[in-house]
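Data block for final_0.cif (mmCIF, N, CA and C atoms):
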```cif
data_input
loop_
_atom_site.label_atom_id
_atom_site.label_comp_id
_atom_site.auth_asym_id
_atom_site.auth_seq_id
_atom_site.Cartn_x
_atom_site.Cartn_y
_atom_site.Cartn_z
N MET A 1 -15.90 -23.91 -42.04
CA MET A 1 -16.10 -23.78 -40.61
C MET A 1 -16.34 -25.15 -40.01
N THR A 2 -15.77 -25.30 -38.84
CA THR A 2 -16.00 -26.57 -38.17
C THR A 2 -17.09 -26.39 -37.14
N MET A 3 -17.91 -27.36 -37.05
CA MET A 3 -19.00 -27.32 -36.08
C MET A 3 -18.57 -28.10 -34.85
N ILE A 4 -18.82 -27.50 -33.72
CA ILE A 4 -18.50 -28.17 -32.48
C ILE A 4 -19.70 -29.05 -32.14
N SER A 5 -19.40 -30.28 -31.87
CA SER A 5 -20.50 -31.21 -31.60
C SER A 5 -21.17 -30.89 -30.28
N LYS A 6 -22.42 -31.33 -30.19
CA LYS A 6 -23.18 -31.09 -28.97
C LYS A 6 -22.55 -31.81 -27.78
N ALA A 7 -21.94 -32.93 -28.03
CA ALA A 7 -21.29 -33.66 -26.95
C ALA A 7 -20.11 -32.86 -26.39
N ALA A 8 -19.32 -32.23 -27.27
CA ALA A 8 -18.17 -31.44 -26.82
C ALA A 8 -18.64 -30.23 -26.01
N VAL A 9 -19.71 -29.58 -26.47
CA VAL A 9 -20.25 -28.44 -25.75
C VAL A 9 -20.77 -28.89 -24.39
N GLY A 10 -21.46 -30.04 -24.38
CA GLY A 10 -21.99 -30.56 -23.12
C GLY A 10 -20.88 -30.89 -22.13
N ILE A 11 -19.81 -31.46 -22.62
CA ILE A 11 -18.66 -31.79 -21.75
C ILE A 11 -18.03 -30.50 -21.20
N ALA A 12 -17.86 -29.51 -22.06
CA ALA A 12 -17.27 -28.24 -21.63
C ALA A 12 -18.15 -27.57 -20.58
N VAL A 13 -19.46 -27.57 -20.79
CA VAL A 13 -20.38 -26.96 -19.82
C VAL A 13 -20.34 -27.75 -18.51
N GLY A 14 -20.28 -29.06 -18.60
CA GLY A 14 -20.21 -29.89 -17.40
C GLY A 14 -18.95 -29.62 -16.59
N ILE A 15 -17.81 -29.52 -17.27
CA ILE A 15 -16.55 -29.23 -16.58
C ILE A 15 -16.59 -27.84 -15.94
N ALA A 16 -17.13 -26.87 -16.65
CA ALA A 16 -17.25 -25.52 -16.11
C ALA A 16 -18.16 -25.53 -14.88
N GLY A 17 -19.26 -26.28 -14.94
CA GLY A 17 -20.17 -26.38 -13.81
C GLY A 17 -19.51 -27.02 -12.60
N ILE A 18 -18.75 -28.06 -12.83
CA ILE A 18 -18.04 -28.71 -11.73
C ILE A 18 -17.03 -27.75 -11.10
N PHE A 19 -16.32 -27.00 -11.93
CA PHE A 19 -15.34 -26.04 -11.43
C PHE A 19 -16.01 -24.96 -10.59
N VAL A 20 -17.12 -24.41 -11.07
CA VAL A 20 -17.83 -23.37 -10.32
C VAL A 20 -18.37 -23.94 -9.01
N GLY A 21 -18.90 -25.14 -9.05
CA GLY A 21 -19.37 -25.79 -7.83
C GLY A 21 -18.25 -25.99 -6.83
N TYR A 22 -17.10 -26.40 -7.31
CA TYR A 22 -15.90 -26.58 -6.49
C TYR A 22 -15.53 -25.26 -5.82
N CYS A 23 -15.57 -24.16 -6.57
CA CYS A 23 -15.24 -22.84 -6.02
C CYS A 23 -16.23 -22.44 -4.93
N PHE A 24 -17.52 -22.61 -5.19
CA PHE A 24 -18.53 -22.26 -4.20
C PHE A 24 -18.39 -23.11 -2.94
N TYR A 25 -18.15 -24.39 -3.10
CA TYR A 25 -18.03 -25.30 -1.96
C TYR A 25 -16.87 -24.88 -1.05
N PHE A 26 -15.71 -24.66 -1.61
CA PHE A 26 -14.56 -24.33 -0.78
C PHE A 26 -14.62 -22.90 -0.24
N ASP A 27 -15.27 -21.99 -0.95
CA ASP A 27 -15.44 -20.65 -0.42
C ASP A 27 -16.37 -20.69 0.79
N GLN A 28 -17.45 -21.46 0.68
CA GLN A 28 -18.37 -21.61 1.80
C GLN A 28 -17.67 -22.27 2.98
N LYS A 29 -16.87 -23.27 2.71
CA LYS A 29 -16.13 -23.97 3.76
C LYS A 29 -15.14 -23.02 4.44
N ARG A 30 -14.47 -22.18 3.66
CA ARG A 30 -13.50 -21.23 4.20
C ARG A 30 -14.21 -20.18 5.06
N ARG A 31 -15.33 -19.66 4.58
CA ARG A 31 -16.04 -18.61 5.31
C ARG A 31 -16.73 -19.13 6.57
N SER A 32 -17.12 -20.38 6.58
CA SER A 32 -17.79 -20.92 7.76
C SER A 32 -16.79 -21.33 8.84
N ASP A 33 -15.51 -21.24 8.56
CA ASP A 33 -14.48 -21.55 9.55
C ASP A 33 -14.58 -20.52 10.68
N PRO A 34 -14.66 -20.98 11.93
CA PRO A 34 -14.83 -20.02 13.05
C PRO A 34 -13.66 -19.05 13.20
N ASP A 35 -12.49 -19.42 12.76
CA ASP A 35 -11.32 -18.55 12.90
C ASP A 35 -11.07 -17.69 11.66
N PHE A 36 -11.97 -17.73 10.67
CA PHE A 36 -11.73 -17.00 9.41
C PHE A 36 -11.57 -15.50 9.65
N LYS A 37 -12.53 -14.89 10.36
CA LYS A 37 -12.46 -13.44 10.58
C LYS A 37 -11.26 -13.08 11.46
N LYS A 38 -10.96 -13.92 12.43
CA LYS A 38 -9.81 -13.67 13.29
C LYS A 38 -8.52 -13.69 12.48
N LYS A 39 -8.37 -14.69 11.63
CA LYS A 39 -7.17 -14.80 10.80
C LYS A 39 -7.09 -13.65 9.82
N LEU A 40 -8.24 -13.25 9.26
CA LEU A 40 -8.26 -12.14 8.31
C LEU A 40 -7.83 -10.85 8.99
N ARG A 41 -8.35 -10.59 10.20
CA ARG A 41 -7.95 -9.39 10.93
C ARG A 41 -6.46 -9.40 11.26
N GLU A 42 -5.96 -10.56 11.68
CA GLU A 42 -4.53 -10.67 12.01
C GLU A 42 -3.66 -10.43 10.78
N ARG A 43 -4.09 -10.96 9.64
CA ARG A 43 -3.33 -10.77 8.40
C ARG A 43 -3.32 -9.30 8.00
N ARG A 44 -4.47 -8.63 8.11
CA ARG A 44 -4.53 -7.20 7.77
C ARG A 44 -3.71 -6.36 8.73
N LYS A 45 -3.77 -6.71 10.01
CA LYS A 45 -2.99 -5.97 11.01
C LYS A 45 -1.50 -6.14 10.76
N ALA A 46 -1.08 -7.36 10.45
CA ALA A 46 0.34 -7.61 10.17
C ALA A 46 0.79 -6.85 8.93
N LYS A 47 -0.06 -6.80 7.92
CA LYS A 47 0.28 -6.08 6.69
C LYS A 47 0.42 -4.59 6.97
N LYS A 48 -0.49 -4.04 7.77
CA LYS A 48 -0.44 -2.62 8.09
C LYS A 48 0.81 -2.30 8.92
N GLN A 49 1.15 -3.17 9.87
CA GLN A 49 2.35 -2.95 10.67
C GLN A 49 3.61 -3.04 9.82
N ALA A 50 3.61 -3.94 8.84
CA ALA A 50 4.76 -4.07 7.95
C ALA A 50 4.92 -2.81 7.12
N GLN A 51 3.81 -2.24 6.66
CA GLN A 51 3.90 -1.01 5.86
C GLN A 51 4.37 0.15 6.73
N ASN A 52 3.90 0.21 7.97
CA ASN A 52 4.34 1.28 8.87
C ASN A 52 5.81 1.13 9.23
N ALA A 53 6.25 -0.10 9.36
CA ALA A 53 7.66 -0.34 9.69
C ALA A 53 8.57 0.06 8.54
N THR A 54 8.10 -0.10 7.31
CA THR A 54 8.93 0.26 6.17
C THR A 54 8.98 1.77 5.98
N SER A 55 8.11 2.52 6.66
CA SER A 55 8.07 3.96 6.50
C SER A 55 9.06 4.68 7.41
N LYS A 56 9.85 3.95 8.15
CA LYS A 56 10.81 4.57 9.05
C LYS A 56 12.17 4.61 8.39
N ILE A 57 12.76 5.78 8.37
CA ILE A 57 14.07 5.94 7.75
C ILE A 57 15.14 5.70 8.82
N GLN A 58 16.21 5.07 8.41
CA GLN A 58 17.24 4.67 9.35
C GLN A 58 18.30 5.77 9.53
N ASP A 59 18.91 6.23 8.46
CA ASP A 59 20.03 7.17 8.57
C ASP A 59 19.90 8.23 7.48
N LEU A 60 19.62 9.45 7.89
CA LEU A 60 19.42 10.54 6.94
C LEU A 60 20.73 11.02 6.34
N LYS A 61 21.84 10.71 6.96
CA LYS A 61 23.13 11.17 6.45
C LYS A 61 23.62 10.32 5.29
N ASP A 62 23.16 9.10 5.18
CA ASP A 62 23.56 8.21 4.09
C ASP A 62 22.68 8.49 2.88
N HIS A 63 23.27 9.04 1.83
CA HIS A 63 22.52 9.45 0.64
C HIS A 63 21.81 8.27 -0.02
N GLU A 64 22.45 7.13 -0.04
CA GLU A 64 21.86 5.95 -0.70
C GLU A 64 20.62 5.47 0.06
N VAL A 65 20.67 5.50 1.37
CA VAL A 65 19.52 5.09 2.18
C VAL A 65 18.36 6.06 1.97
N VAL A 66 18.67 7.34 1.94
CA VAL A 66 17.62 8.35 1.72
C VAL A 66 17.00 8.18 0.34
N GLN A 67 17.82 7.92 -0.66
CA GLN A 67 17.31 7.73 -2.02
C GLN A 67 16.41 6.49 -2.10
N ARG A 68 16.85 5.41 -1.47
CA ARG A 68 16.06 4.18 -1.46
C ARG A 68 14.73 4.41 -0.73
N PHE A 69 14.79 5.13 0.40
CA PHE A 69 13.59 5.45 1.17
C PHE A 69 12.63 6.30 0.34
N PHE A 70 13.17 7.29 -0.36
CA PHE A 70 12.35 8.17 -1.20
C PHE A 70 11.62 7.37 -2.27
N LEU A 71 12.36 6.52 -2.99
CA LEU A 71 11.74 5.73 -4.05
C LEU A 71 10.71 4.75 -3.50
N GLN A 72 11.00 4.17 -2.35
CA GLN A 72 10.07 3.24 -1.72
C GLN A 72 8.78 3.95 -1.33
N GLU A 73 8.90 5.14 -0.77
CA GLU A 73 7.72 5.88 -0.34
C GLU A 73 6.88 6.32 -1.53
N VAL A 74 7.51 6.74 -2.62
CA VAL A 74 6.76 7.12 -3.82
C VAL A 74 6.01 5.90 -4.36
N GLN A 75 6.69 4.77 -4.40
CA GLN A 75 6.06 3.55 -4.91
C GLN A 75 4.89 3.13 -4.02
N LEU A 76 5.08 3.13 -2.70
CA LEU A 76 4.00 2.77 -1.79
C LEU A 76 2.82 3.74 -1.92
N GLY A 77 3.13 5.02 -2.08
CA GLY A 77 2.07 6.02 -2.26
C GLY A 77 1.26 5.76 -3.52
N GLU A 78 1.94 5.44 -4.60
CA GLU A 78 1.25 5.14 -5.85
C GLU A 78 0.41 3.88 -5.74
N GLU A 79 0.95 2.86 -5.08
CA GLU A 79 0.20 1.61 -4.92
C GLU A 79 -1.05 1.83 -4.08
N MET A 80 -0.91 2.56 -2.99
CA MET A 80 -2.06 2.80 -2.13
C MET A 80 -3.10 3.67 -2.82
N LEU A 81 -2.64 4.60 -3.63
CA LEU A 81 -3.56 5.44 -4.37
C LEU A 81 -4.34 4.61 -5.38
N SER A 82 -3.68 3.67 -6.03
CA SER A 82 -4.37 2.83 -7.01
C SER A 82 -5.33 1.87 -6.32
N CYS A 83 -5.07 1.52 -5.05
CA CYS A 83 -5.98 0.64 -4.30
C CYS A 83 -7.12 1.42 -3.66
N GLY A 84 -7.04 2.74 -3.68
CA GLY A 84 -8.11 3.56 -3.11
C GLY A 84 -7.85 4.01 -1.68
N ASP A 85 -6.69 3.70 -1.12
CA ASP A 85 -6.35 4.11 0.24
C ASP A 85 -5.70 5.49 0.17
N ILE A 86 -6.51 6.53 0.17
CA ILE A 86 -6.02 7.89 -0.01
C ILE A 86 -5.20 8.34 1.20
N GLU A 87 -5.65 7.99 2.41
CA GLU A 87 -4.93 8.39 3.62
C GLU A 87 -3.50 7.85 3.62
N GLY A 88 -3.36 6.57 3.34
CA GLY A 88 -2.03 5.96 3.30
C GLY A 88 -1.18 6.53 2.18
N ALA A 89 -1.80 6.78 1.04
CA ALA A 89 -1.08 7.34 -0.09
C ALA A 89 -0.53 8.72 0.25
N VAL A 90 -1.36 9.56 0.88
CA VAL A 90 -0.92 10.90 1.26
C VAL A 90 0.22 10.81 2.28
N GLU A 91 0.12 9.86 3.21
CA GLU A 91 1.18 9.68 4.22
C GLU A 91 2.51 9.34 3.55
N HIS A 92 2.50 8.38 2.63
CA HIS A 92 3.74 7.95 1.99
C HIS A 92 4.28 9.02 1.03
N LEU A 93 3.41 9.65 0.29
CA LEU A 93 3.88 10.72 -0.61
C LEU A 93 4.42 11.89 0.20
N GLY A 94 3.81 12.18 1.34
CA GLY A 94 4.31 13.23 2.23
C GLY A 94 5.70 12.90 2.76
N ASN A 95 5.93 11.62 3.10
CA ASN A 95 7.26 11.20 3.52
C ASN A 95 8.27 11.42 2.40
N ALA A 96 7.86 11.11 1.18
CA ALA A 96 8.76 11.29 0.04
C ALA A 96 9.10 12.76 -0.17
N VAL A 97 8.11 13.63 -0.05
CA VAL A 97 8.35 15.07 -0.21
C VAL A 97 9.25 15.58 0.92
N ALA A 98 9.06 15.04 2.13
CA ALA A 98 9.83 15.51 3.28
C ALA A 98 11.32 15.21 3.15
N VAL A 99 11.68 14.09 2.53
CA VAL A 99 13.10 13.74 2.40
C VAL A 99 13.67 14.13 1.04
N CYS A 100 12.85 14.65 0.17
CA CYS A 100 13.28 14.99 -1.18
C CYS A 100 14.26 16.18 -1.14
N GLY A 101 15.26 16.11 -1.99
CA GLY A 101 16.24 17.19 -2.08
C GLY A 101 15.65 18.45 -2.69
N GLN A 102 14.71 18.30 -3.60
CA GLN A 102 14.08 19.43 -4.26
C GLN A 102 12.55 19.27 -4.15
N PRO A 103 11.99 19.58 -2.99
CA PRO A 103 10.56 19.34 -2.78
C PRO A 103 9.66 20.20 -3.67
N ALA A 104 10.10 21.39 -4.04
CA ALA A 104 9.27 22.25 -4.88
C ALA A 104 9.02 21.61 -6.24
N GLN A 105 10.06 21.02 -6.83
CA GLN A 105 9.89 20.37 -8.13
C GLN A 105 9.02 19.12 -8.01
N LEU A 106 9.20 18.36 -6.93
CA LEU A 106 8.38 17.18 -6.73
C LEU A 106 6.92 17.56 -6.54
N LEU A 107 6.67 18.64 -5.80
CA LEU A 107 5.29 19.09 -5.61
C LEU A 107 4.67 19.55 -6.92
N GLN A 108 5.45 20.16 -7.82
CA GLN A 108 4.93 20.54 -9.13
C GLN A 108 4.52 19.31 -9.93
N VAL A 109 5.35 18.27 -9.89
CA VAL A 109 5.03 17.03 -10.60
C VAL A 109 3.79 16.39 -10.01
N LEU A 110 3.70 16.36 -8.68
CA LEU A 110 2.54 15.77 -8.03
C LEU A 110 1.27 16.56 -8.31
N GLN A 111 1.41 17.88 -8.41
CA GLN A 111 0.25 18.71 -8.71
C GLN A 111 -0.31 18.38 -10.09
N LYS A 112 0.57 18.08 -11.03
CA LYS A 112 0.13 17.75 -12.39
C LYS A 112 -0.45 16.35 -12.47
N THR A 113 0.03 15.43 -11.63
CA THR A 113 -0.38 14.04 -11.77
C THR A 113 -1.52 13.62 -10.83
N LEU A 114 -1.62 14.25 -9.66
CA LEU A 114 -2.65 13.87 -8.70
C LEU A 114 -3.93 14.65 -8.93
N PRO A 115 -5.06 14.06 -8.58
CA PRO A 115 -6.32 14.82 -8.61
C PRO A 115 -6.22 15.99 -7.62
N PRO A 116 -6.90 17.11 -7.92
CA PRO A 116 -6.75 18.31 -7.08
C PRO A 116 -7.08 18.09 -5.60
N GLN A 117 -8.14 17.33 -5.30
CA GLN A 117 -8.51 17.15 -3.90
C GLN A 117 -7.44 16.37 -3.13
N ILE A 118 -6.80 15.41 -3.78
CA ILE A 118 -5.75 14.63 -3.12
C ILE A 118 -4.50 15.48 -2.95
N PHE A 119 -4.19 16.31 -3.94
CA PHE A 119 -3.02 17.19 -3.83
C PHE A 119 -3.21 18.19 -2.70
N HIS A 120 -4.42 18.76 -2.56
CA HIS A 120 -4.66 19.70 -1.47
C HIS A 120 -4.58 19.01 -0.11
N LEU A 121 -5.04 17.76 -0.03
CA LEU A 121 -4.91 16.99 1.20
C LEU A 121 -3.44 16.76 1.53
N LEU A 122 -2.64 16.49 0.51
CA LEU A 122 -1.20 16.32 0.70
C LEU A 122 -0.57 17.60 1.23
N LEU A 123 -0.94 18.74 0.66
CA LEU A 123 -0.38 20.02 1.12
C LEU A 123 -0.77 20.30 2.57
N GLN A 124 -2.00 19.96 2.94
CA GLN A 124 -2.46 20.20 4.30
C GLN A 124 -1.69 19.33 5.30
N ARG A 125 -1.36 18.13 4.90
CA ARG A 125 -0.71 17.19 5.82
C ARG A 125 0.82 17.22 5.73
N LEU A 126 1.36 18.04 4.87
CA LEU A 126 2.81 18.05 4.65
C LEU A 126 3.57 18.51 5.90
N GLN A 127 3.10 19.54 6.57
CA GLN A 127 3.79 20.04 7.76
C GLN A 127 3.80 19.00 8.88
N PRO A 128 2.65 18.40 9.24
CA PRO A 128 2.69 17.38 10.30
C PRO A 128 3.54 16.16 9.92
N ILE A 129 3.52 15.79 8.66
CA ILE A 129 4.32 14.65 8.22
C ILE A 129 5.80 14.96 8.34
N SER A 130 6.19 16.17 7.95
CA SER A 130 7.60 16.58 8.06
C SER A 130 8.05 16.59 9.51
N GLN A 131 7.18 17.08 10.41
CA GLN A 131 7.53 17.09 11.83
C GLN A 131 7.65 15.68 12.38
N LYS A 132 6.75 14.80 11.98
CA LYS A 132 6.78 13.41 12.43
C LYS A 132 8.06 12.72 11.96
N LEU A 133 8.42 12.96 10.71
CA LEU A 133 9.62 12.34 10.14
C LEU A 133 10.87 12.88 10.83
N SER A 134 10.92 14.17 11.10
CA SER A 134 12.09 14.71 11.78
C SER A 134 12.18 14.19 13.21
N THR A 135 11.04 13.93 13.85
CA THR A 135 11.04 13.33 15.18
C THR A 135 11.58 11.91 15.13
N GLN A 136 11.17 11.14 14.11
CA GLN A 136 11.68 9.78 13.95
C GLN A 136 13.19 9.78 13.73
N ILE A 137 13.66 10.73 12.94
CA ILE A 137 15.10 10.82 12.66
C ILE A 137 15.86 11.18 13.93
N ALA A 138 15.31 12.12 14.71
CA ALA A 138 15.97 12.51 15.96
C ALA A 138 16.02 11.34 16.94
N MET A 139 14.94 10.56 17.01
CA MET A 139 14.91 9.41 17.91
C MET A 139 15.92 8.35 17.44
N ALA A 140 16.04 8.18 16.13
CA ALA A 140 16.99 7.21 15.61
C ALA A 140 18.42 7.66 15.91
N GLU A 141 18.69 8.95 15.84
CA GLU A 141 20.03 9.46 16.15
C GLU A 141 20.34 9.29 17.63
N GLU A 142 19.32 9.47 18.50
CA GLU A 142 19.55 9.29 19.93
C GLU A 142 19.83 7.83 20.25
N ASP A 143 19.17 6.92 19.55
CA ASP A 143 19.40 5.50 19.76
C ASP A 143 20.82 5.10 19.36
N VAL A 144 21.35 5.75 18.32
CA VAL A 144 22.68 5.44 17.85
C VAL A 144 23.74 5.90 18.85
N GLU A 145 23.51 7.05 19.45
CA GLU A 145 24.48 7.64 20.39
C GLU A 145 24.49 6.94 21.67
#
```
For this file, produce the structure as structure tokens.
Amino acid sequence: MTMISKAAVGIAVGIAGIFVGYCFYFDQKRRSDPDFKKKLRERRKAKKQAQNATSKIQDLKDHEVVQRFFLQEVQLGEEMLSCGDIEGAVEHLGNAVAVCGQPAQLLQVLQKTLPPQIFHLLLQRLQPISQKLSTQIAMAEEDVE
């Protein structure tokens, strides 16, 4: 066995201490910035708007677009569920069920994989989500005409 010298341990501890001090200093500097909370709110708002913008389907008649939208919504739902955002997850999974070709089979899979309370929340919100999505599709068709 090799013994690590006290000098090497002291140097390693010193470097670690400098690094931790560096982290604390710049975190304090970042948080004391007067625009920090404003920038943070703007970043969160932009992220939320980007997610809402991606939830709009363009053309329901194009099978490839619908398939891409379905997969995107399932992925977003899973990501939000893993982050703890149950409301957003239910919204995205509901969108996926609404455009799915075989919603009964998808609901069976979701029933097996989701916790019961989240699955029941999804079932409760499925009708309003389907109506909202059909309204978006109708508005998109009117814009095209």
Checklist line | helix (DSSP H, G or I) call set, DSSP backbone run, region 54-118 of chain A, as a PyMOL selection string | finding: chain A and resi 54+63-83+86-99+103-113+116-118
I want to know what sits within 7 Å of region 72-75 of chain A, based on only N, CA and C atoms, with residues of the same chain fewer than 3 positions away left out; could you give that as a PDB file with N, CA and C atoms, in the coordinates of the input?
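Output contents, as saved in out19.pdb:
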```pdb
ATOM      1  N   GLN A  67      17.820   7.920  -0.660  1.00  0.00           N
ATOM      2  CA  GLN A  67      17.310   7.730  -2.020  1.00  0.00           C
ATOM      3  C   GLN A  67      16.410   6.490  -2.100  1.00  0.00           C
ATOM      4  N   ARG A  68      16.850   5.410  -1.470  1.00  0.00           N
ATOM      5  CA  ARG A  68      16.060   4.180  -1.460  1.00  0.00           C
ATOM      6  C   ARG A  68      14.730   4.410  -0.730  1.00  0.00           C
ATOM      7  N   PHE A  69      14.790   5.130   0.400  1.00  0.00           N
ATOM      8  CA  PHE A  69      13.590   5.450   1.170  1.00  0.00           C
ATOM      9  C   PHE A  69      12.630   6.300   0.340  1.00  0.00           C
ATOM     10  N   GLU A  78       1.940   5.440  -4.600  1.00  0.00           N
ATOM     11  CA  GLU A  78       1.250   5.140  -5.850  1.00  0.00           C
ATOM     12  C   GLU A  78       0.410   3.880  -5.740  1.00  0.00           C
ATOM     13  N   GLU A  79       0.950   2.860  -5.080  1.00  0.00           N
ATOM     14  CA  GLU A  79       0.200   1.610  -4.920  1.00  0.00           C
ATOM     15  C   GLU A  79      -1.050   1.830  -4.080  1.00  0.00           C
ATOM     16  N   MET A  80      -0.910   2.560  -2.990  1.00  0.00           N
ATOM     17  CA  MET A  80      -2.060   2.800  -2.130  1.00  0.00           C
ATOM     18  C   MET A  80      -3.100   3.670  -2.820  1.00  0.00           C
ATOM     19  N   HIS A  92       2.500   8.380   2.630  1.00  0.00           N
ATOM     20  CA  HIS A  92       3.740   7.950   1.990  1.00  0.00           C
ATOM     21  C   HIS A  92       4.280   9.020   1.030  1.00  0.00           C
ATOM     22  N   LEU A  93       3.410   9.650   0.290  1.00  0.00           N
ATOM     23  CA  LEU A  93       3.880  10.720  -0.610  1.00  0.00           C
ATOM     24  C   LEU A  93       4.420  11.890   0.200  1.00  0.00           C
ATOM     25  N   ASN A  95       5.930  11.620   3.100  1.00  0.00           N
ATOM     26  CA  ASN A  95       7.260  11.200   3.520  1.00  0.00           C
ATOM     27  C   ASN A  95       8.270  11.420   2.400  1.00  0.00           C
ATOM     28  N   ALA A  96       7.860  11.110   1.180  1.00  0.00           N
ATOM     29  CA  ALA A  96       8.760  11.290   0.040  1.00  0.00           C
ATOM     30  C   ALA A  96       9.100  12.760  -0.170  1.00  0.00           C
TER      31      ALA A  96
END
```
Next item on the list: Taking the file above as input, evaluate the PyMOL selection byres (((chain A and resi 121 and name CA) around 12) and name CA) and report the hits as a ChimeraX atom specification.
Entry: /A:86-91,93-94,110-111,114-120,122-129
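Note that the spacing between CA of Leu107 (chain A) and CA of Gly77 (chain A) amounts to 13.9 Å.
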Margin query: Could you tell me how far atom C of Ala98 (chain A) sits from atom C of Ser130 (chain A), in Å to one decimal place?
Written below: 7.3 Å
Checklist line | Straight-line distance linking atom N of Val66 (chain A) with atom C of Gln108 (chain A), stated in Å to one decimal | finding: 22.0 Å
